[in-house]
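**Q** Have a look at this one before I ask anything.
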Amino acid sequence: MGMPVTVDVRDDAATADAIEDVFAELRAIDELFSPFKETSAVSRINAGTLALDDAPALLSEVLALCDRYRVLTSGYFDPWSDGRLDPSGLVKGWALARGAAILDARGYANYFVDGAGDVRTRGSSGNGEVWRVGIRHPVERDKVARVVLARDLAVATSGTYEKGTHIYDPHTGRPATEFVSFTVVGPDIVTADVFATAAFAMGQTGLSFVEAQAGYEAFAITPELDGISTSGFDALCV
């Protein structure tokens, strides 16, 4: 998926094979969904060598989820926005959720799964301490803008500070420039990941969109480095 992934399990009974199972799942998802690999199902659909009706079951599952979120976000999340299939804005969170589900199935109660800054936590980091997830400062790389206390939470951020301008308003085709960073916090990593991308594309209305979603909060940073958040976000931070 072209991103670093960290899996940190703090249960005393944790074993290396459980963590390897998580990475094996992520590698399999990468082989199926990567838009950068010519042999992936996504690339083959875009090349016209694989019909949607013949796509693997997991791809069909993801496309159904994409359609659900396309409707929920009024089209601001759309894996077909440029005429080609790229469900990466959902697949990253979905892959992390599947990795976390493997740890849940093993009975682990304290872990942290991080994929390029999108995080799913469970339990504590040790001695009852809540996991602390920093939201990176968009300019000063050695600093964080806020710190989220994340017990059994997902934290997902979309921003331009790593890849430059790469998020577009699918309705206008223009780049989204009202924010340089948009973070969503909530119970589900797939939803948080999609909302972070869609709300970034929405601009200022993205905050009110997240505000209206039960259980989710958001924090955005403008190009002037001003921080703006939903009403309940501060209560989640240190």
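Chain identifiers are assigned as A, B, and so on, following the order in which chains appear in the structure tokens; residues are numbered from 1 within each chain, and ligands are numbered from 1 in order of appearance.
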Which residues are near segment 177-182 of chain A? Cut-off 10 Å, only C-alpha atoms, ignore same chain within fewer than 6 positions. Put them as a VMD selection string.

**A** chain A and resid 135 to 139 156 to 161 164 to 169 195 to 204 206 to 207 218 to 229

**Q** Please write the residues from the selection above to a file, keeping N, CA and C atoms, as a CSV table (one decimal), in the first residue's frame.

**A**
chain,number,residue,atom,x,y,z
A,135,ILE,N,-1.5,14.2,16.5
A,135,ILE,CA,-1.8,14.8,15.1
A,135,ILE,C,-0.7,15.6,14.7
A,136,ARG,N,0.0,15.2,13.6
A,136,ARG,CA,1.2,15.8,13.2
A,136,ARG,C,1.0,17.3,12.8
A,137,HIS,N,1.9,18.1,13.3
A,137,HIS,CA,1.9,19.5,12.8
A,137,HIS,C,2.3,19.6,11.4
A,138,PRO,N,1.5,20.3,10.5
A,138,PRO,CA,1.8,20.2,9.1
A,138,PRO,C,3.0,20.9,8.6
A,139,VAL,N,3.7,21.7,9.4
A,139,VAL,CA,4.9,22.4,9.0
A,139,VAL,C,6.1,22.0,9.8
A,156,ALA,N,-8.1,9.1,12.1
A,156,ALA,CA,-7.6,9.1,10.7
A,156,ALA,C,-7.4,10.6,10.2
A,157,THR,N,-6.3,10.8,9.5
A,157,THR,CA,-6.0,12.1,9.0
A,157,THR,C,-5.7,12.2,7.5
A,158,SER,N,-6.3,13.1,6.8
A,158,SER,CA,-6.0,13.4,5.5
A,158,SER,C,-5.3,14.8,5.4
A,159,GLY,N,-4.2,14.9,4.6
A,159,GLY,CA,-3.5,16.1,4.6
A,159,GLY,C,-2.6,16.2,3.3
A,160,THR,N,-2.1,17.4,3.1
A,160,THR,CA,-1.3,17.7,1.9
A,160,THR,C,0.2,17.8,2.2
A,161,TYR,N,0.5,17.7,3.5
A,161,TYR,CA,1.9,18.0,3.8
A,161,TYR,C,2.9,16.8,3.4
A,164,GLY,N,1.5,16.6,-1.0
A,164,GLY,CA,1.1,17.7,-1.7
A,164,GLY,C,-0.4,17.7,-2.1
A,165,THR,N,-0.8,18.5,-3.0
A,165,THR,CA,-2.2,18.5,-3.4
A,165,THR,C,-2.6,17.3,-4.1
A,166,HIS,N,-3.4,16.5,-3.5
A,166,HIS,CA,-3.9,15.2,-4.1
A,166,HIS,C,-5.3,14.9,-3.8
A,167,ILE,N,-6.0,15.8,-3.1
A,167,ILE,CA,-7.4,15.6,-2.8
A,167,ILE,C,-8.2,16.6,-3.5
A,168,TYR,N,-9.2,16.1,-4.3
A,168,TYR,CA,-9.9,17.0,-5.2
A,168,TYR,C,-11.4,17.0,-4.8
A,169,ASP,N,-12.1,18.1,-5.1
A,169,ASP,CA,-13.5,18.1,-5.0
A,169,ASP,C,-14.1,17.4,-6.2
A,195,PHE,N,-14.4,9.6,6.1
A,195,PHE,CA,-14.8,10.9,6.5
A,195,PHE,C,-13.7,12.0,6.4
A,196,ALA,N,-12.5,11.6,6.8
A,196,ALA,CA,-11.3,12.5,6.7
A,196,ALA,C,-11.1,12.9,5.3
A,197,THR,N,-11.1,12.0,4.4
A,197,THR,CA,-10.9,12.4,3.0
A,197,THR,C,-12.1,13.2,2.4
A,198,ALA,N,-13.3,12.8,2.7
A,198,ALA,CA,-14.5,13.4,2.1
A,198,ALA,C,-14.6,14.8,2.7
A,199,ALA,N,-14.4,15.0,4.0
A,199,ALA,CA,-14.6,16.3,4.7
A,199,ALA,C,-13.5,17.2,4.3
A,200,PHE,N,-12.3,16.7,4.0
A,200,PHE,CA,-11.2,17.6,3.5
A,200,PHE,C,-11.7,18.1,2.1
A,201,ALA,N,-12.3,17.3,1.3
A,201,ALA,CA,-12.7,17.8,0.0
A,201,ALA,C,-13.9,18.8,0.1
A,202,MET,N,-14.7,18.6,1.1
A,202,MET,CA,-15.8,19.5,1.3
A,202,MET,C,-15.4,20.9,1.7
A,203,GLY,N,-14.2,21.1,2.3
A,203,GLY,CA,-13.8,22.4,2.8
A,203,GLY,C,-14.5,22.7,4.1
A,204,GLN,N,-14.9,24.0,4.3
A,204,GLN,CA,-15.4,24.4,5.6
A,204,GLN,C,-16.7,23.6,6.0
A,206,GLY,N,-17.1,20.6,5.7
A,206,GLY,CA,-16.7,19.3,6.2
A,206,GLY,C,-16.8,19.2,7.7
A,207,LEU,N,-16.5,20.3,8.5
A,207,LEU,CA,-16.6,20.2,9.9
A,207,LEU,C,-18.1,20.0,10.3
A,218,ALA,N,-13.9,16.0,14.8
A,218,ALA,CA,-12.9,16.4,13.8
A,218,ALA,C,-12.1,17.6,14.2
A,219,PHE,N,-10.9,17.6,13.7
A,219,PHE,CA,-10.0,18.7,13.9
A,219,PHE,C,-9.3,19.0,12.6
A,220,ALA,N,-9.4,20.3,12.2
A,220,ALA,CA,-8.8,20.7,10.9
A,220,ALA,C,-7.8,21.8,11.1
A,221,ILE,N,-6.8,21.9,10.2
A,221,ILE,CA,-5.8,22.9,10.2
A,221,ILE,C,-5.9,23.7,8.9
A,222,THR,N,-6.0,25.0,8.9
A,222,THR,CA,-6.0,25.8,7.7
A,222,THR,C,-4.6,26.1,7.2
A,223,PRO,N,-4.5,26.6,6.0
A,223,PRO,CA,-3.2,27.0,5.5
A,223,PRO,C,-2.5,28.1,6.3
A,224,GLU,N,-3.3,28.8,7.1
A,224,GLU,CA,-2.7,29.8,8.0
A,224,GLU,C,-2.3,29.2,9.3
A,225,LEU,N,-2.5,27.9,9.4
A,225,LEU,CA,-2.1,27.1,10.6
A,225,LEU,C,-3.0,27.3,11.8
A,226,ASP,N,-4.3,27.8,11.5
A,226,ASP,CA,-5.3,27.9,12.6
A,226,ASP,C,-6.0,26.5,12.7
A,227,GLY,N,-6.2,26.1,14.0
A,227,GLY,CA,-6.9,24.9,14.2
A,227,GLY,C,-8.4,25.1,14.5
A,228,ILE,N,-9.2,24.3,13.8
A,228,ILE,CA,-10.7,24.4,14.0
A,228,ILE,C,-11.2,23.0,14.3
A,229,SER,N,-12.2,22.9,15.2
A,229,SER,CA,-12.6,21.6,15.6
A,229,SER,C,-14.1,21.5,15.8

**Q** Find the residues near Asp188 of chain A: any atom within 7 Å, counting only C-alpha atoms, skip ones fewer than 3 places away on the same chain, and give them as a ChimeraX atom specification.

**A** /A:154,191-192

**Q** Convert the current residue selection to file output with C-alpha atoms, as a PDB file, in the first residue's frame.

**A**
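Generated file (part_18.pdb):
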ATOM      1  CA  ALA A 154      -9.937   5.222  15.480  1.00  0.00           C
ATOM      2  CA  THR A 191     -15.674   5.477   8.579  1.00  0.00           C
ATOM      3  CA  ALA A 192     -13.062   7.798  10.102  1.00  0.00           C
TER       4      ALA A 192
END

**Q** Name the residues of segment 8-210 of chain A that come out as strand (DSSP E) in a backbone DSSP run; write them as a count of residues only.

**A** 40

**Q** For segment 25-37 of chain A, list every protein, DNA or RNA residue within 9 Å, evaluated using only C-alpha atoms, and leave out those in the same chain fewer than 2 positions away; present the list as an mmCIF file with N, CA and C atoms, in the first residue's frame.

**A**
data_model
loop_
_atom_site.group_PDB
_atom_site.id
_atom_site.type_symbol
_atom_site.label_atom_id
_atom_site.label_comp_id
_atom_site.auth_asym_id
_atom_site.auth_seq_id
_atom_site.Cartn_x
_atom_site.Cartn_y
_atom_site.Cartn_z
ATOM 1 N N MET A 1 0.813 -1.209 0.000
ATOM 2 C CA MET A 1 0.000 0.000 0.000
ATOM 3 C C MET A 1 0.846 1.258 0.000
ATOM 4 N N GLY A 2 2.152 1.082 -0.091
ATOM 5 C CA GLY A 2 3.035 2.226 -0.163
ATOM 6 C C GLY A 2 3.050 3.045 1.101
ATOM 7 N N GLU A 20 2.356 -11.488 12.653
ATOM 8 C CA GLU A 20 2.667 -11.864 11.271
ATOM 9 C C GLU A 20 1.380 -12.148 10.490
ATOM 10 N N ASP A 21 0.368 -12.692 11.163
ATOM 11 C CA ASP A 21 -0.915 -12.914 10.493
ATOM 12 C C ASP A 21 -1.530 -11.589 10.040
ATOM 13 N N VAL A 22 -1.366 -10.559 10.854
ATOM 14 C CA VAL A 22 -1.879 -9.238 10.481
ATOM 15 C C VAL A 22 -1.172 -8.739 9.227
ATOM 16 N N PHE A 23 0.159 -8.848 9.211
ATOM 17 C CA PHE A 23 0.907 -8.361 8.052
ATOM 18 C C PHE A 23 0.643 -9.206 6.807
ATOM 19 N N THR A 39 -0.779 -6.188 -11.648
ATOM 20 C CA THR A 39 -1.482 -7.463 -11.493
ATOM 21 C C THR A 39 -2.646 -7.390 -10.516
ATOM 22 N N SER A 40 -2.839 -6.275 -9.827
ATOM 23 C CA SER A 40 -3.936 -6.184 -8.867
ATOM 24 C C SER A 40 -5.271 -6.162 -9.597
ATOM 25 N N ALA A 41 -6.330 -6.538 -8.894
ATOM 26 C CA ALA A 41 -7.663 -6.520 -9.492
ATOM 27 C C ALA A 41 -8.058 -5.101 -9.874
ATOM 28 N N VAL A 42 -7.702 -4.113 -9.053
ATOM 29 C CA VAL A 42 -8.035 -2.718 -9.353
ATOM 30 C C VAL A 42 -7.364 -2.281 -10.661
ATOM 31 N N SER A 43 -6.082 -2.585 -10.808
ATOM 32 C CA SER A 43 -5.370 -2.204 -12.035
ATOM 33 C C SER A 43 -5.920 -2.926 -13.252
ATOM 34 N N ASN A 46 -9.108 -1.270 -14.354
ATOM 35 C CA ASN A 46 -8.814 -0.018 -15.057
ATOM 36 C C ASN A 46 -8.208 -0.257 -16.434
ATOM 37 N N PRO A 56 -13.026 -10.462 -7.699
ATOM 38 C CA PRO A 56 -13.049 -11.272 -6.477
ATOM 39 C C PRO A 56 -14.077 -10.747 -5.478
ATOM 40 N N LEU A 58 -13.932 -10.055 -2.338
ATOM 41 C CA LEU A 58 -13.505 -8.960 -1.465
ATOM 42 C C LEU A 58 -13.598 -7.614 -2.173
ATOM 43 N N LEU A 59 -13.292 -7.589 -3.451
ATOM 44 C CA LEU A 59 -13.407 -6.340 -4.195
ATOM 45 C C LEU A 59 -14.867 -5.917 -4.299
ATOM 46 N N LEU A 85 -11.034 3.459 -11.343
ATOM 47 C CA LEU A 85 -11.298 2.938 -10.007
ATOM 48 C C LEU A 85 -10.074 3.114 -9.110
ATOM 49 N N ASP A 86 -10.261 3.794 -7.970
ATOM 50 C CA ASP A 86 -9.224 3.895 -6.959
ATOM 51 C C ASP A 86 -9.898 3.984 -5.587
ATOM 52 N N PRO A 87 -10.129 2.828 -4.946
ATOM 53 C CA PRO A 87 -10.795 2.817 -3.645
ATOM 54 C C PRO A 87 -9.837 2.998 -2.472
ATOM 55 N N SER A 88 -8.631 3.517 -2.733
ATOM 56 C CA SER A 88 -7.610 3.620 -1.688
ATOM 57 C C SER A 88 -8.089 4.416 -0.476
ATOM 58 N N VAL A 91 -9.872 1.692 1.367
ATOM 59 C CA VAL A 91 -9.183 0.416 1.573
ATOM 60 C C VAL A 91 -8.159 0.496 2.696
ATOM 61 N N ALA A 95 -8.410 -2.128 5.532
ATOM 62 C CA ALA A 95 -7.317 -3.077 5.773
ATOM 63 C C ALA A 95 -6.898 -3.060 7.237
ATOM 64 N N LEU A 96 -6.802 -1.866 7.821
ATOM 65 C CA LEU A 96 -6.438 -1.769 9.237
ATOM 66 C C LEU A 96 -7.505 -2.404 10.118
ATOM 67 N N ARG A 98 -9.407 -4.917 9.278
ATOM 68 C CA ARG A 98 -9.272 -6.373 9.161
ATOM 69 C C ARG A 98 -8.073 -6.877 9.972
ATOM 70 N N GLY A 99 -7.009 -6.078 9.992
ATOM 71 C CA GLY A 99 -5.872 -6.445 10.827
ATOM 72 C C GLY A 99 -6.239 -6.439 12.295
ATOM 73 N N ILE A 102 -8.179 -9.485 13.382
ATOM 74 C CA ILE A 102 -7.347 -10.667 13.640
ATOM 75 C C ILE A 102 -6.865 -10.663 15.085
#

**Q** According to DSSP computed on the backbone, where in segment 6-160 of chain A is there helix (DSSP H, G or I)? Give the residues as a ChimeraX atom specification.

**A** /A:16-33,41-47,52-54,57-72,88-105

**Q** Could you please determine the separation between atom CA of Phe77 of chain A and atom CA of Ala212 of chain A in Å, to one decimal place?

**A**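 For atom CA of Phe77 of chain A relative to atom CA of Ala212 of chain A, the distance reads 16.7 Å.
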
**Q** Using only C-alpha atoms, can you tell me which of A:Asp193, A:Asp234, A:Glu217, A:Asp17 comes closest to Gly115 of chain A?

**A**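 Selected residue with least distance to Gly115 of chain A: A:Asp193.
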
**Q** Asn110 of chain A: which residues within 12 Å, counting only C-alpha atoms, same-chain residues fewer than 5 positions away excluded, as a list in words?

**A**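 Surrounding residues, per the criterion: Val7, Asp8, Val9, Arg10, Asp11, Asp12, Ala13, Ala14, Ala100, Leu103, Asp104, Arg120, Thr121, Arg122, Gly123, Ser124, Ser125, Gly126, Asn127, Gly128, Glu129, Val130, Trp131, Ala150, Arg151, Asp152 and Leu153 of chain A.
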
**Q** Report the distance between atom CA of Val147 of chain A and atom CA of Lys92 of chain A in Å, rounded to one decimal place.

**A** 21.9 Å

**Q** Determine the nearest neighbour of Ala97 of chain A from the options A:Tyr69, A:Phe112, A:Tyr76, A:Phe209, counting only C-alpha atoms.

**A**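 That would be A:Phe112, the residue with the smallest distance to Ala97 of chain A.
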
**Q** One decimal, in Å: what's the spacing between atom CA of Leu72 of chain A and atom CA of Ala235 of chain A?

**A**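 So the two atoms, atom CA of Leu72 of chain A and atom CA of Ala235 of chain A, lie 25.9 Å apart.
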